[in-house]
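For reference, data28.csv is printed below; it contains CSV, C-alpha atoms.
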```csv
chain,number,residue,atom,x,y,z
A,1,MET,CA,94.0,109.8,64.0
A,2,ASN,CA,91.3,108.4,66.3
A,3,GLU,CA,92.7,105.0,65.8
A,4,LEU,CA,96.2,106.1,66.9
A,5,LEU,CA,94.7,107.8,70.0
A,6,TRP,CA,92.9,104.6,70.9
A,7,ILE,CA,96.1,102.6,70.6
A,8,PHE,CA,97.9,105.0,72.8
A,9,VAL,CA,95.3,105.2,75.6
A,10,SER,CA,94.7,101.5,75.5
A,11,ALA,CA,98.4,100.7,76.0
A,12,LEU,CA,98.8,103.4,78.6
A,13,LEU,CA,95.8,102.7,80.8
A,14,ILE,CA,93.4,100.0,79.8
A,15,ASN,CA,95.9,97.3,78.9
A,16,ASN,CA,98.7,98.6,81.0
A,17,PHE,CA,101.7,96.4,80.4
A,18,VAL,CA,102.6,95.9,84.0
A,19,LEU,CA,99.2,95.8,85.7
A,20,SER,CA,97.2,93.8,83.2
A,21,TYR,CA,99.6,91.9,81.0
A,22,PHE,CA,102.1,91.2,83.8
A,23,LEU,CA,105.1,92.2,81.6
A,24,GLY,CA,108.2,93.7,83.1
A,25,LEU,CA,107.5,92.6,86.6
A,26,CYS,CA,111.1,92.2,87.6
A,27,PRO,CA,112.0,95.9,87.3
A,28,PHE,CA,108.6,96.7,88.6
A,29,LEU,CA,109.2,94.9,91.9
A,30,GLY,CA,113.0,95.4,92.0
A,31,VAL,CA,113.6,99.0,91.1
A,32,SER,CA,110.5,100.7,92.5
A,33,GLY,CA,112.1,101.5,95.8
A,34,ARG,CA,112.8,105.1,95.1
A,35,LEU,CA,110.9,107.7,93.1
A,36,ASP,CA,113.7,109.2,91.0
A,37,THR,CA,115.3,105.9,90.0
A,38,ALA,CA,111.9,104.6,89.0
A,39,PHE,CA,111.3,107.7,86.9
A,40,ARG,CA,114.6,107.4,85.1
A,41,LEU,CA,114.2,103.7,84.5
A,42,GLY,CA,110.8,104.5,83.0
A,43,LEU,CA,112.3,107.1,80.6
A,44,ALA,CA,115.0,104.6,79.6
A,45,THR,CA,112.3,102.0,78.9
A,46,ILE,CA,110.3,104.3,76.7
A,47,PHE,CA,113.4,105.0,74.7
A,48,VAL,CA,114.3,101.3,74.3
A,49,MET,CA,110.7,100.5,73.4
A,50,LEU,CA,110.7,103.1,70.6
A,51,ILE,CA,113.9,101.6,69.2
A,52,THR,CA,112.3,98.1,69.5
A,53,ALA,CA,109.2,99.2,67.6
A,54,LEU,CA,111.4,100.5,64.8
A,55,CYS,CA,113.6,97.4,64.7
A,56,SER,CA,110.7,94.9,64.8
A,57,TRP,CA,108.9,96.8,62.0
A,58,PHE,CA,112.0,96.8,59.9
A,59,LEU,CA,112.6,93.0,60.5
A,60,ASN,CA,109.0,92.2,59.8
A,61,THR,CA,108.8,94.1,56.6
A,62,TYR,CA,112.1,93.3,55.0
A,63,VAL,CA,113.6,90.2,56.5
A,64,LEU,CA,111.1,87.9,58.1
A,65,ILE,CA,108.8,87.5,55.2
A,66,TYR,CA,111.4,85.1,53.9
A,67,ALA,CA,112.0,83.2,57.1
A,68,PRO,CA,109.1,83.6,59.6
A,69,TYR,CA,110.4,80.8,61.9
A,70,LEU,CA,113.4,83.0,62.8
A,71,ARG,CA,111.2,85.7,64.3
A,72,LEU,CA,112.0,85.2,67.9
A,73,ILE,CA,115.8,84.7,67.6
A,74,SER,CA,116.2,87.7,65.3
A,75,PHE,CA,114.1,90.0,67.4
A,76,ILE,CA,116.2,89.2,70.5
A,77,VAL,CA,119.5,89.5,68.8
A,78,VAL,CA,118.7,92.6,66.8
A,79,ILE,CA,117.1,94.5,69.7
A,80,ALA,CA,119.9,93.6,72.1
A,81,SER,CA,122.7,94.6,69.8
A,82,THR,CA,120.9,97.8,68.6
A,83,VAL,CA,120.5,98.9,72.2
A,84,GLN,CA,124.1,98.1,73.0
A,85,PHE,CA,125.2,100.1,70.0
A,86,ILE,CA,123.0,103.1,70.9
A,87,GLU,CA,124.3,103.0,74.5
A,88,MET,CA,127.9,103.4,73.1
A,89,VAL,CA,126.8,106.3,70.9
A,90,ILE,CA,125.1,108.1,73.8
A,91,LYS,CA,128.1,107.6,76.0
A,92,LYS,CA,130.2,109.3,73.3
A,93,LEU,CA,127.8,112.1,72.5
A,94,SER,CA,126.2,113.0,75.7
A,95,PRO,CA,127.7,111.9,79.0
A,96,ALA,CA,124.8,113.5,81.0
A,97,LEU,CA,122.2,111.5,79.2
A,98,PHE,CA,124.3,108.4,79.6
A,99,LYS,CA,124.5,109.0,83.3
A,100,ALA,CA,120.7,109.3,83.5
A,101,LEU,CA,119.8,106.3,81.4
A,102,GLY,CA,123.1,104.4,81.0
A,103,ILE,CA,123.1,101.7,83.7
A,104,PHE,CA,119.5,100.7,82.9
A,105,LEU,CA,119.8,100.3,79.1
A,106,PRO,CA,121.4,96.8,79.0
A,107,LEU,CA,119.1,95.6,81.8
A,108,ILE,CA,116.0,96.7,80.0
A,109,THR,CA,116.9,94.8,76.9
A,110,THR,CA,116.2,91.5,78.6
A,111,ASN,CA,113.0,92.8,80.2
A,112,CYS,CA,110.1,90.8,79.0
A,113,ALA,CA,108.1,94.0,78.3
A,114,ILE,CA,110.4,94.8,75.4
A,115,LEU,CA,110.1,91.5,73.6
A,116,GLY,CA,106.4,91.4,74.5
A,117,LEU,CA,106.0,94.8,72.8
A,118,ALA,CA,107.6,93.5,69.6
A,119,ILE,CA,105.5,90.3,69.6
A,120,PHE,CA,102.2,92.1,70.4
A,121,ALA,CA,102.8,94.7,67.7
A,122,THR,CA,103.6,91.9,65.2
A,123,ASN,CA,100.5,89.8,66.2
A,124,ARG,CA,98.2,92.8,65.8
A,125,GLY,CA,99.8,93.7,62.4
A,126,TYR,CA,100.7,97.3,63.4
A,127,GLY,CA,102.5,99.4,60.8
A,128,LEU,CA,105.4,101.7,61.5
A,129,VAL,CA,103.4,104.7,62.9
A,130,GLU,CA,101.0,102.5,64.8
A,131,GLY,CA,103.9,100.5,66.2
A,132,LEU,CA,105.7,103.7,67.4
A,133,VAL,CA,102.5,105.1,69.1
A,134,PHE,CA,101.9,101.7,70.7
A,135,ALA,CA,105.5,101.7,72.0
A,136,LEU,CA,105.1,105.2,73.4
A,137,GLY,CA,101.9,104.3,75.1
A,138,ALA,CA,103.2,101.1,76.6
A,139,GLY,CA,106.4,102.8,77.8
A,140,ALA,CA,104.4,105.6,79.4
A,141,GLY,CA,102.1,103.1,81.0
A,142,PHE,CA,105.1,101.2,82.4
A,143,THR,CA,106.6,104.5,83.7
A,144,LEU,CA,103.2,105.4,85.3
A,145,ALA,CA,102.9,102.1,87.1
A,146,LEU,CA,106.5,102.2,88.2
A,147,VAL,CA,106.2,105.7,89.6
A,148,LEU,CA,102.9,105.1,91.3
A,149,MET,CA,104.4,102.0,92.9
A,150,ALA,CA,107.5,103.8,94.0
A,151,GLY,CA,105.5,106.6,95.5
A,152,ILE,CA,103.4,104.1,97.5
A,153,ARG,CA,106.5,102.2,98.6
A,154,GLU,CA,108.2,105.3,99.8
A,155,GLU,CA,105.2,106.1,102.1
A,156,VAL,CA,104.9,102.5,103.3
A,157,GLU,CA,108.6,102.5,104.2
A,158,LEU,CA,107.8,104.9,107.1
A,159,SER,CA,104.8,103.1,108.4
A,160,ASP,CA,104.5,100.2,110.8
A,161,VAL,CA,104.0,97.0,108.8
A,162,PRO,CA,104.0,93.5,110.3
A,163,VAL,CA,107.4,91.8,109.8
A,164,LEU,CA,105.9,88.9,107.9
A,165,LEU,CA,104.4,91.1,105.3
A,166,ARG,CA,107.5,93.1,104.5
A,167,GLY,CA,109.2,92.6,101.1
A,168,THR,CA,107.8,91.0,98.0
A,169,ALA,CA,104.5,89.7,99.6
A,170,MET,CA,103.4,93.2,100.4
A,171,ASN,CA,104.6,94.7,97.1
A,172,LEU,CA,102.5,92.1,95.3
A,173,ILE,CA,99.4,92.9,97.3
A,174,ILE,CA,99.9,96.6,96.6
A,175,ALA,CA,100.3,95.8,92.9
A,176,GLY,CA,97.1,93.8,93.1
A,177,ILE,CA,95.2,96.8,94.5
A,178,LEU,CA,96.7,99.1,91.9
A,179,SER,CA,95.8,96.7,89.2
A,180,MET,CA,92.2,96.7,90.5
A,181,ALA,CA,92.2,100.4,90.3
A,182,PHE,CA,93.4,100.3,86.7
A,183,MET,CA,90.6,97.9,85.8
A,184,GLY,CA,88.3,100.9,86.2
A,185,PHE,CA,89.7,102.4,83.0
A,186,ALA,CA,88.2,99.5,81.0
A,187,GLY,CA,85.0,101.5,80.7
A,188,LEU,CA,86.8,104.5,79.2
A,189,PHE,CA,85.9,103.6,75.6
A,190,SER,CA,82.6,101.9,75.9
A,191,SER,CA,81.5,102.3,72.3
A,192,THR,CA,84.5,100.5,70.8
B,1,MET,CA,129.1,56.1,94.0
B,2,ALA,CA,126.4,56.3,96.7
B,3,LYS,CA,127.5,59.8,97.4
B,4,ARG,CA,127.2,60.8,93.8
B,5,LYS,CA,123.7,59.5,93.7
B,6,GLU,CA,122.8,61.5,96.8
B,7,ASP,CA,124.2,64.6,95.2
B,8,LEU,CA,122.0,64.2,92.2
B,9,GLN,CA,119.0,63.8,94.4
B,10,GLN,CA,120.0,66.9,96.3
B,11,GLU,CA,120.1,68.9,93.1
B,12,PHE,CA,116.7,67.7,92.2
B,13,ILE,CA,115.0,68.3,95.6
B,14,LYS,CA,116.6,71.7,96.0
B,15,GLY,CA,114.7,73.1,93.0
B,16,LEU,CA,111.5,71.6,94.1
B,17,TRP,CA,111.3,73.0,97.6
B,18,ARG,CA,114.2,74.7,99.3
B,19,ASP,CA,115.2,77.0,96.4
B,20,ASN,CA,111.9,76.9,94.6
B,21,PRO,CA,112.4,79.4,91.7
B,22,VAL,CA,109.1,81.2,92.3
B,23,PHE,CA,108.2,81.0,96.0
B,24,VAL,CA,111.8,81.4,97.3
B,25,GLN,CA,113.8,83.1,94.7
B,26,VAL,CA,110.9,85.1,93.2
B,27,LEU,CA,112.1,84.6,89.6
B,28,GLY,CA,110.1,84.1,86.4
B,29,MET,CA,107.1,86.2,87.6
B,30,CYS,CA,105.8,87.4,84.3
B,31,PRO,CA,104.6,84.0,82.8
B,32,MET,CA,103.8,82.9,86.4
B,33,LEU,CA,101.0,85.5,86.8
B,34,ALA,CA,99.9,85.9,83.3
B,35,VAL,CA,98.9,82.4,82.4
B,36,THR,CA,97.7,81.0,85.7
B,37,ASN,CA,94.0,81.9,85.4
B,38,SER,CA,93.2,78.3,84.9
B,39,ALA,CA,94.9,75.0,85.9
B,40,VAL,CA,95.1,73.8,82.3
B,41,ASN,CA,96.9,76.9,81.0
B,42,ALA,CA,99.3,76.7,84.0
B,43,LEU,CA,100.0,73.0,83.2
B,44,ALA,CA,100.7,73.8,79.5
B,45,MET,CA,103.0,76.7,80.4
B,46,GLY,CA,104.8,74.6,83.0
B,47,ALA,CA,105.4,71.8,80.5
B,48,ALA,CA,106.7,74.2,77.9
B,49,THR,CA,109.1,75.8,80.4
B,50,PHE,CA,110.1,72.3,81.5
B,51,PHE,CA,111.1,71.3,78.0
B,52,VAL,CA,113.0,74.6,77.3
B,53,LEU,CA,114.9,74.6,80.6
B,54,VAL,CA,115.9,70.9,80.5
B,55,GLY,CA,116.9,71.1,76.8
B,56,SER,CA,118.9,74.3,77.1
B,57,SER,CA,120.6,73.2,80.3
B,58,PHE,CA,121.7,70.0,78.6
B,59,LEU,CA,123.0,71.9,75.6
B,60,VAL,CA,124.7,74.6,77.5
B,61,SER,CA,126.5,72.3,79.8
B,62,SER,CA,127.7,70.0,77.1
B,63,LEU,CA,129.0,73.0,75.1
B,64,ARG,CA,130.4,74.7,78.1
B,65,ARG,CA,134.1,74.2,77.0
B,66,TRP,CA,133.5,75.8,73.6
B,67,ILE,CA,131.5,78.8,74.5
B,68,PRO,CA,133.8,81.9,74.8
B,69,LYS,CA,133.4,83.8,78.0
B,70,GLN,CA,132.7,87.2,76.4
B,71,VAL,CA,129.7,86.2,74.4
B,72,ARG,CA,128.3,83.6,76.7
B,73,ILE,CA,125.1,85.4,77.6
B,74,SER,CA,124.1,85.9,74.0
B,75,THR,CA,124.9,82.3,73.2
B,76,TYR,CA,122.7,81.1,76.0
B,77,ILE,CA,119.9,83.4,74.8
B,78,ILE,CA,120.2,82.0,71.2
B,79,ILE,CA,120.1,78.4,72.5
B,80,ILE,CA,117.1,79.2,74.7
B,81,ALA,CA,115.3,81.0,71.8
B,82,THR,CA,115.9,78.0,69.6
B,83,PHE,CA,114.2,75.6,72.1
B,84,VAL,CA,111.4,78.1,72.6
B,85,THR,CA,110.7,78.3,68.8
B,86,VAL,CA,110.6,74.5,68.7
B,87,THR,CA,108.1,74.5,71.6
B,88,ASP,CA,106.0,77.3,70.1
B,89,PHE,CA,105.5,75.4,66.8
B,90,THR,CA,105.0,72.1,68.5
B,91,LEU,CA,102.2,73.5,70.7
B,92,GLU,CA,100.6,75.2,67.8
B,93,ALA,CA,100.4,71.9,65.9
B,94,LEU,CA,99.3,69.7,68.8
B,95,VAL,CA,97.0,71.9,71.0
B,96,PRO,CA,96.0,74.9,68.9
B,97,LYS,CA,93.4,76.0,71.4
B,98,ILE,CA,95.7,76.3,74.4
B,99,HIS,CA,98.4,77.8,72.2
B,100,LYS,CA,96.0,80.5,71.2
B,101,GLU,CA,95.0,81.2,74.8
B,102,LEU,CA,98.6,81.4,76.0
B,103,GLY,CA,99.3,83.7,73.0
B,104,ALA,CA,102.4,85.8,73.3
B,105,PHE,CA,103.5,84.2,76.5
B,106,ILE,CA,105.0,81.2,74.8
B,107,PRO,CA,107.6,83.2,72.9
B,108,LEU,CA,108.1,85.2,76.1
B,109,ILE,CA,109.6,82.1,77.8
B,110,VAL,CA,112.9,83.3,76.2
B,111,VAL,CA,113.1,86.2,78.7
B,112,ASN,CA,112.1,84.2,81.7
B,113,CYS,CA,114.9,85.2,84.0
B,114,MET,CA,114.8,81.9,85.8
B,115,ILE,CA,116.0,80.0,82.7
B,116,LEU,CA,118.9,82.3,81.9
B,117,GLY,CA,119.8,82.3,85.6
B,118,ARG,CA,120.1,78.6,85.7
B,119,GLN,CA,122.4,78.6,82.6
B,120,GLU,CA,124.6,81.2,84.1
B,121,ALA,CA,124.7,80.0,87.7
B,122,PHE,CA,124.7,76.2,87.2
B,123,ALA,CA,124.7,74.6,83.8
B,124,SER,CA,127.8,76.5,82.5
B,125,ARG,CA,129.9,75.2,85.5
B,126,ASN,CA,128.7,71.6,86.0
B,127,SER,CA,128.7,68.3,84.3
B,128,VAL,CA,125.9,67.4,82.0
B,129,ARG,CA,124.4,65.0,84.4
B,130,MET,CA,124.3,67.5,87.3
B,131,ALA,CA,123.0,70.2,85.0
B,132,VAL,CA,120.1,68.1,83.7
B,133,MET,CA,119.2,67.1,87.3
B,134,ASP,CA,119.3,70.7,88.4
B,135,ALA,CA,117.1,71.7,85.5
B,136,LEU,CA,114.7,68.9,86.2
B,137,GLY,CA,114.4,70.0,89.8
B,138,MET,CA,114.0,73.7,89.0
B,139,ALA,CA,111.5,73.0,86.2
B,140,ALA,CA,109.5,70.8,88.5
B,141,GLY,CA,109.5,73.5,91.1
B,142,PHE,CA,108.3,76.0,88.6
B,143,LEU,CA,105.6,73.7,87.4
B,144,PHE,CA,104.5,73.0,91.0
B,145,ALA,CA,104.3,76.8,91.6
B,146,LEU,CA,102.3,77.4,88.4
B,147,LEU,CA,99.9,74.6,89.1
B,148,SER,CA,99.2,75.7,92.7
B,149,LEU,CA,98.6,79.3,91.7
B,150,GLY,CA,96.5,78.2,88.7
B,151,ALA,CA,94.4,75.8,90.8
B,152,VAL,CA,93.7,78.3,93.5
B,153,ARG,CA,92.7,81.0,91.0
B,154,GLU,CA,90.5,78.6,89.0
B,155,ILE,CA,88.8,77.2,92.1
B,156,LEU,CA,88.0,80.6,93.6
B,157,GLY,CA,87.4,82.4,90.3
B,158,GLU,CA,85.2,79.8,88.5
B,159,GLY,CA,84.4,77.1,91.1
B,160,LYS,CA,86.1,74.6,88.8
B,161,LEU,CA,89.3,72.6,88.7
B,162,PHE,CA,90.6,71.5,85.2
B,163,GLY,CA,87.2,72.4,83.9
B,164,VAL,CA,85.3,70.1,86.4
B,165,SER,CA,82.8,71.9,88.5
B,166,LEU,CA,83.5,71.5,92.2
B,167,PHE,CA,80.8,73.3,94.2
B,168,GLY,CA,77.6,72.8,92.2
B,169,PRO,CA,75.5,75.6,90.5
B,170,ASN,CA,75.0,77.7,93.7
B,171,PHE,CA,78.6,78.8,93.9
B,172,GLU,CA,79.1,82.5,93.2
B,173,PRO,CA,82.4,82.8,91.5
B,174,TRP,CA,84.9,85.4,92.6
B,175,VAL,CA,85.5,86.8,89.1
B,176,ILE,CA,88.3,89.0,90.4
B,177,MET,CA,90.5,86.0,90.9
B,178,ILE,CA,90.8,85.1,87.2
B,179,LEU,CA,91.4,88.8,86.3
B,180,PRO,CA,94.8,90.3,86.7
B,181,PRO,CA,94.4,91.7,90.2
B,182,GLY,CA,93.6,88.2,91.5
B,183,GLY,CA,97.0,87.0,90.2
B,184,PHE,CA,98.9,89.6,92.2
B,185,LEU,CA,96.8,89.0,95.3
B,186,THR,CA,97.1,85.2,95.2
B,187,LEU,CA,100.8,85.2,94.7
B,188,GLY,CA,101.2,87.8,97.4
B,189,LEU,CA,99.2,85.7,99.9
B,190,ILE,CA,101.1,82.5,99.0
B,191,LEU,CA,104.5,84.3,99.6
B,192,LEU,CA,103.1,85.5,102.9
B,193,PHE,CA,102.3,81.9,103.7
B,194,PHE,CA,105.8,80.9,102.9
B,195,SER,CA,107.4,83.5,105.0
B,196,TRP,CA,105.1,82.5,107.8
B,197,ILE,CA,106.3,78.9,107.6
B,198,LYS,CA,109.9,80.2,107.6
B,199,GLN,CA,109.4,82.3,110.6
B,200,ARG,CA,107.7,79.5,112.5
B,201,LYS,CA,110.6,77.2,111.8
B,202,GLN,CA,113.1,79.9,113.0
B,203,ARG,CA,111.1,80.4,116.2
B,204,LEU,CA,111.0,76.6,116.8
B,205,GLU,CA,114.8,76.3,116.3
B,206,GLN,CA,115.4,79.2,118.7
B,207,ARG,CA,113.1,77.7,121.2
B,208,LEU,CA,114.9,74.3,120.9
B,209,ALA,CA,118.3,76.0,121.3
B,210,GLN,CA,117.0,77.8,124.4
B,211,LEU,CA,115.7,74.6,125.9
B,212,GLU,CA,119.0,72.9,125.2
B,213,SER,CA,121.0,75.5,126.9
B,214,GLU,CA,118.6,75.5,129.9
B,215,ALA,CA,118.9,71.8,130.2
B,216,ARG,CA,122.6,72.1,130.5
```
Take the structure from the file and write it as structure tokens.
Amino acid sequence: MNELLWIFVSALLINNFVLSYFLGLCPFLGVSGRLDTAFRLGLATIFVMLITALCSWFLNTYVLIYAPYLRLISFIVVIASTVQFIEMVIKKLSPALFKALGIFLPLITTNCAILGLAIFATNRGYGLVEGLVFALGAGAGFTLALVLMAGIREEVELSDVPVLLRGTAMNLIIAGILSMAFMGFAGLFSST
Amino acid sequence: MAKRKEDLQQEFIKGLWRDNPVFVQVLGMCPMLAVTNSAVNALAMGAATFFVLVGSSFLVSSLRRWIPKQVRISTYIIIIATFVTVTDFTLEALVPKIHKELGAFIPLIVVNCMILGRQEAFASRNSVRMAVMDALGMAAGFLFALLSLGAVREILGEGKLFGVSLFGPNFEPWVIMILPPGGFLTLGLILLFFSWIKQRKQRLEQRLAQLESEAR
């Protein structure tokens, strides 16, 4: 139980996917303009990450022991097609949920955080439950970073910023400061 | 024939400077920031990306007549993933130490949006020769960006370049530069520098136009 909690907190705060592994930067910089879009993208990402963890565990346990060199290709293909399939199912079953997550699902699949999650989970030898907890933590961490960033950017929008700084340069510097703040969490579990 | 040659050169130079994938288009950020904590890592990552981009551009553009439109993106991804797998195993065999340090970021070249972007925007529509030239330019631009970021971070963060000490033992390293925040800050400042150059150029052109109209 303690182990699982550690995995979750570590993925959520200490080794935050965006701010310390630099994964998923494209949506982090691109979609963090407004708070509610950022939040919905985050939810969709958590969802895709959970599916990814499930798929990669299945592939690792039943398929890839026979052909380890196919790992990368099969991860990408299986994850992308599963997400596409689930998108269709959601569209059929719950149009409201589809409206909330829909447009983001295919975009997220090619996000490096997703493949990164599968590869990290494999490299660390996580089992099914650990993998799912890891995915939940990583997804929540991604959402946290995205929502924080969107909140800051909504405020900055209204303030007087030099023309040169506007756009990506400033977003990166804000991200740098956020990342510095997140480094403070490294002392959270000093004994381990 | 002379014009053809000029075109090819244009394609190459475009990627290196005017349309630099990182500094101008802001693509491929994830590997960009994650592995540039030292110049050697940046060089290895750049070389790996170079091989993957040139190889897959070549293959995609030579197969462009046979790839059906509906499944083109998945085809590109499979082609790219194949090259990345090759690179991954090659690096593991040749330079195991660097491979270990880059870790998960070698397989993650697959989702580098710059590579897929080049296939979709250029290689799938142009002749093999043009596509390879474009890929060479873009990859060189990416390598250049990685190296400059890696060099800045290593010099400030450790006082070294390619492992060679620069300032002697009295230099107090800025540890923050080789940690994640340093990556964000350095890239932010470099982008700031680029937009400053762009603004200066625009001002200069405006001033020139003004002078010209006054002279008339």
When you get a sec, could you note down which chain A residues fall within 6 Å of chain B, using all atoms listed in the file, as a list of chain:residue names?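 Per the criterion, chain A yields A:Ser20, A:Phe22, A:Leu23, A:Leu25, A:Ile73, A:Cys112, A:Ala169, A:Leu172, A:Ile173, A:Gly176, A:Ser179, A:Met180.
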Provide the CA of Gly15 (chain B) to CA of Phe142 (chain B) distance in Å, to one decimal place.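 CA of Phe142 (chain B) lies at a distance of 8.3 Å from CA of Gly15 (chain B).
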For CA of Val164 (chain B) and CA of Lys100 (chain B), the interatomic separation in Å (one decimal):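 Result for CA of Val164 (chain B) versus CA of Lys100 (chain B): 21.3 Å, one decimal.
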Set the distance at 12 Å and use all atoms listed in the file: which residues neighbour Asn60 (chain A) once local chain neighbours fewer than 6 positions away are removed? I'd like the list as an MDAnalysis selection string. chainID A and resid 52:54 66:72 74:75 78 118:119 121:123 125:128 131
Atomic distance CA of Ala151 (chain B) - CA of Thr87 (chain B), expressed in Å with one decimal: 23.6 Å
Distance criterion (only C-alpha atoms): nearest to Ile115 (chain B) out of B:Ser57, B:Gln25, B:Thr36, B:Gln202: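 The shortest atom-to-atom distance to Ile115 (chain B) comes from B:Ser57.
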Using 5 Å of padding on each side, determine the axis-aligned box around all atoms of region 55-63 of chain A present in the file and give its centre and edge lengths in Å to one decimal, as JSON.
```
{"center_x": 111.2, "center_y": 93.8, "center_z": 59.9, "size_x": 14.8, "size_y": 17.2, "size_z": 19.8}
```
Neighbouring residues of Leu50 (chain A) were defined as those with any atom within 10 Å, considering only C-alpha atoms; residues of the same chain fewer than 4 positions away were excluded. Please report them as a list in words. Thr45, Ile46, Leu54, Cys55, Ile114, Leu117, Gly131, Leu132, Val133, Phe134, Ala135, Leu136, Gly137, Ala138 and Gly139 of chain A
With all atoms listed in the file as the atoms that count, which of A:Phe142, A:Tyr21, A:Phe185, A:Phe85 lies nearest to Leu41 (chain A)?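 Under the stated criterion, the closest residue is A:Phe142.
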Find the residue from B:Arg129, B:Arg153, B:Arg200, B:Lys160 that sits nearest to Phe12 (chain B); use only C-alpha atoms when measuring. B:Arg129
Nearest to Leu148 (chain A) by atom-to-atom distance, counting all atoms listed in the file, from A:Thr168, A:Thr61, A:Thr82, A:Ser32: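 Smallest separation from Leu148 (chain A) among the options: A:Ser32.
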